[in-house]
Amino acid sequence: MQHLKQLLGIEKSALGQLLRYSLYGLEATLRKAQAEYHHDPGAELCDQVLYEIHDLLQVKEEAKPTVSYTQSEPKLGYLRAAFDGDVELSIYLGNSPLYSQTDADLWNEIHRKLLRVPEDLAEFWRQRALDLAQEVGAIADSSHLHYLPFVRDEIVYPGLSGTVVAPGLCLSQKALEKTKIIPESASEELTLLASFLVLLTKFIEIEPELYHAFKSVFSFDVIHLHSQLEQKIQYVEALGDRFHRTKKAEESTDPLSMLRAWLDMDEAIHSLIFVPPAERYSWWGKLQQESRRALKKVAEIANNAGHEVRIRQLTGLYADICALTKDDLQLECGGVPGEVLTCLRVYARINHEGIPGRVIFRSSR
């Protein structure tokens with residue numbers, strides 16, 4: 001312990017900084033694990049370990065004089081190190097180290113990554129990020145936000161003010177109204193699709209880690225949108241085309257035409273993915289599920305009109321559902337080997353006609 005403190009106390013030591021960053025990551029991982037394993041036989045001893053780590057991290061204040069930061073100096077280095085060092089996050093994010101060069105960009109990059117992980121883990125890290133930001137004099141600011149159009153208002157994550165100034169992110173119904181994309185007398189379901197169209201188009205512009213797996217644009221692989229400008233344009237155009245087809249089908253009032261158009265539009269929405277694909281119960285996963293819940297309502301309309309309709313979201317072991325799919329894609333990362341990572345298109349049965357679904361699955365190797 002004595003030598004650890006001495007190393008941490010050496011001014012401008014790269015090894016000391018590396019040790020400090022590693023301790024932050026270890027502390028975050030242990031706190032998260034401790035919250036999950038209340039009855040672990042090592043829980044009581046873990047409290048002592050965390051106390052010792054906390055004590056070590058106080059060496060910073062004892063050994064380092066107070067620094068007056070300038071606006072250009074990065075202040076969230078400890079947050080970067082702790083986030084990159086969290087083993088549990090890497091399960092959901094893969095090998096994806098943070099790349100941002102400024103505090104404002106880092107704050108947003110971290111919070112956008114948290115949209116892809118399970119909600120409990122995301123909440124833990126949102127609080128952890130705020131705690132570390134507050135240690136350097138920043139405070140949460142829910143008035144400094146970047147607005148994305150959608151059917152409801154929601155602060156996705158706050159911004160920062162004080163020693164670090166960074167915008168947060170929110171969904172905004174007023175921003176959606178300003179787009180004037182929603183047709184007059186549109187149904188609740190079509191309004192949702194219109195909001196997805198503008199939301200996803202805007203989100204693509206601020207998130208460089210998005211891919212598409214939309215078969216009608218490119219069927220053989222997942223495509224990184226940020227590095228493939230032509231593919232990005234084609235995906236956005238295809239998304240808009242599917243929306244207008246759905247709008248036209250709704251105007252026809254034919255329930256089967258509406259259902260088939262909805263199946264295509266829902267596939268377009270779910271084909272905007274991360275690699276590894278976002279966890280199903282993450283913020284992103286839940287957002288996309290709103291489209292699928294609306295699709296079920298459209299299927300119910302067709303059933304009530306006398307048709308025989310069944311749709312099925314495909315999950316679980318790939319071997320169990322592959323007979324219901326076509327042109328699936330395979331990844332070497334994320335999830336459990338041999339299981340479905342994400343369902344791009346649901347399986348549908350319409351009046352005895354089977355329409356294959358489509359999934360991304362993890363290879364069993």
# chains A, B, ... in the order shown; residues from 1 in each chain; ligands from 1

$ select_by_dssp --residues "segment 106-245 of chain A" --states "helix (DSSP H, G or I)" --output "number ranges by chain"
A: 106-114, 119-135, 173-179, 188-206, 229-245

$ residues_around --residues "Ala299 of chain A" --least-positions-apart "6" --cutoff "9 Å" --atoms "only C-alpha atoms" --output "list in words"
Pro255, Leu256, Met258, Leu259, Val309, Arg310 and Ile311 of chain A

$ write_last_selection --atoms "N, CA, C and O atoms" --output "mmCIF file, in the first residue's frame"
data_model
loop_
_atom_site.group_PDB
_atom_site.id
_atom_site.type_symbol
_atom_site.label_atom_id
_atom_site.label_comp_id
_atom_site.auth_asym_id
_atom_site.auth_seq_id
_atom_site.Cartn_x
_atom_site.Cartn_y
_atom_site.Cartn_z
ATOM 1 N N PRO A 255 -56.371 -3.192 -45.071
ATOM 2 C CA PRO A 255 -55.570 -3.644 -43.922
ATOM 3 C C PRO A 255 -54.354 -4.483 -44.296
ATOM 4 O O PRO A 255 -53.320 -4.410 -43.634
ATOM 5 N N LEU A 256 -54.450 -5.273 -45.366
ATOM 6 C CA LEU A 256 -53.299 -6.094 -45.744
ATOM 7 C C LEU A 256 -52.197 -5.256 -46.388
ATOM 8 O O LEU A 256 -51.004 -5.502 -46.169
ATOM 9 N N MET A 258 -51.641 -2.169 -45.663
ATOM 10 C CA MET A 258 -51.045 -1.469 -44.524
ATOM 11 C C MET A 258 -50.062 -2.380 -43.790
ATOM 12 O O MET A 258 -48.951 -1.970 -43.444
ATOM 13 N N LEU A 259 -50.449 -3.621 -43.573
ATOM 14 C CA LEU A 259 -49.606 -4.541 -42.823
ATOM 15 C C LEU A 259 -48.301 -4.818 -43.557
ATOM 16 O O LEU A 259 -47.215 -4.798 -42.950
ATOM 17 N N VAL A 309 -53.704 -13.451 -39.412
ATOM 18 C CA VAL A 309 -52.363 -12.853 -39.365
ATOM 19 C C VAL A 309 -51.670 -13.243 -38.063
ATOM 20 O O VAL A 309 -52.263 -13.198 -36.991
ATOM 21 N N ARG A 310 -50.402 -13.622 -38.197
ATOM 22 C CA ARG A 310 -49.573 -13.886 -37.022
ATOM 23 C C ARG A 310 -48.178 -13.358 -37.296
ATOM 24 O O ARG A 310 -47.603 -13.608 -38.362
ATOM 25 N N ILE A 311 -47.637 -12.606 -36.348
ATOM 26 C CA ILE A 311 -46.258 -12.136 -36.487
ATOM 27 C C ILE A 311 -45.460 -12.624 -35.281
ATOM 28 O O ILE A 311 -45.991 -12.797 -34.192
#

$ residues_around --residues "segment 74-91 of chain A" --least-positions-apart "5" --cutoff "10 Å" --atoms "only C-alpha atoms" --output "ChimeraX atom specification"
/A:17-18,20-30,32-33,69,96-104,106-107,110,113-114,116-118,121-122,125,128-138,163-164,276,333-335

$ select_by_dssp --residues "segment 118-170 of chain A" --states "strand (DSSP E)" --output "JSON, numbers by chain"
{"A": [138, 139, 140, 141, 145, 146, 147, 148, 149, 154, 155, 156, 157, 159, 160, 161, 162, 168, 169, 170]}

$ write_last_selection --atoms "C-alpha atoms" --output "PDB file, in the first residue's frame"
ATOM      1  CA  ALA A 138     -18.953  20.666 -13.421  1.00  0.00           C
ATOM      2  CA  ILE A 139     -22.678  20.374 -12.699  1.00  0.00           C
ATOM      3  CA  ALA A 140     -25.568  18.709 -14.521  1.00  0.00           C
ATOM      4  CA  ASP A 141     -27.463  21.124 -16.767  1.00  0.00           C
ATOM      5  CA  LEU A 145     -29.633  20.294 -24.759  1.00  0.00           C
ATOM      6  CA  HIS A 146     -29.495  19.121 -28.357  1.00  0.00           C
ATOM      7  CA  TYR A 147     -33.056  18.503 -29.570  1.00  0.00           C
ATOM      8  CA  LEU A 148     -34.105  15.489 -31.623  1.00  0.00           C
ATOM      9  CA  PRO A 149     -37.641  15.387 -33.098  1.00  0.00           C
ATOM     10  CA  GLU A 154     -37.728  13.157 -22.919  1.00  0.00           C
ATOM     11  CA  ILE A 155     -34.356  14.208 -21.548  1.00  0.00           C
ATOM     12  CA  VAL A 156     -32.150  11.358 -22.725  1.00  0.00           C
ATOM     13  CA  TYR A 157     -29.185  12.670 -20.715  1.00  0.00           C
ATOM     14  CA  GLY A 159     -25.571  18.426 -20.362  1.00  0.00           C
ATOM     15  CA  LEU A 160     -22.895  20.014 -18.186  1.00  0.00           C
ATOM     16  CA  SER A 161     -22.082  23.556 -17.131  1.00  0.00           C
ATOM     17  CA  GLY A 162     -19.417  25.022 -14.869  1.00  0.00           C
ATOM     18  CA  GLY A 168     -27.057  16.991 -23.343  1.00  0.00           C
ATOM     19  CA  LEU A 169     -29.606  15.239 -25.532  1.00  0.00           C
ATOM     20  CA  CYS A 170     -33.395  15.208 -25.514  1.00  0.00           C
TER      21      CYS A 170
END

$ closest_residue --among "A:Ser185, A:Ile301, A:Leu341, A:Glu205" --to "His270 of chain A" --atoms "only C-alpha atoms"
A:Leu341
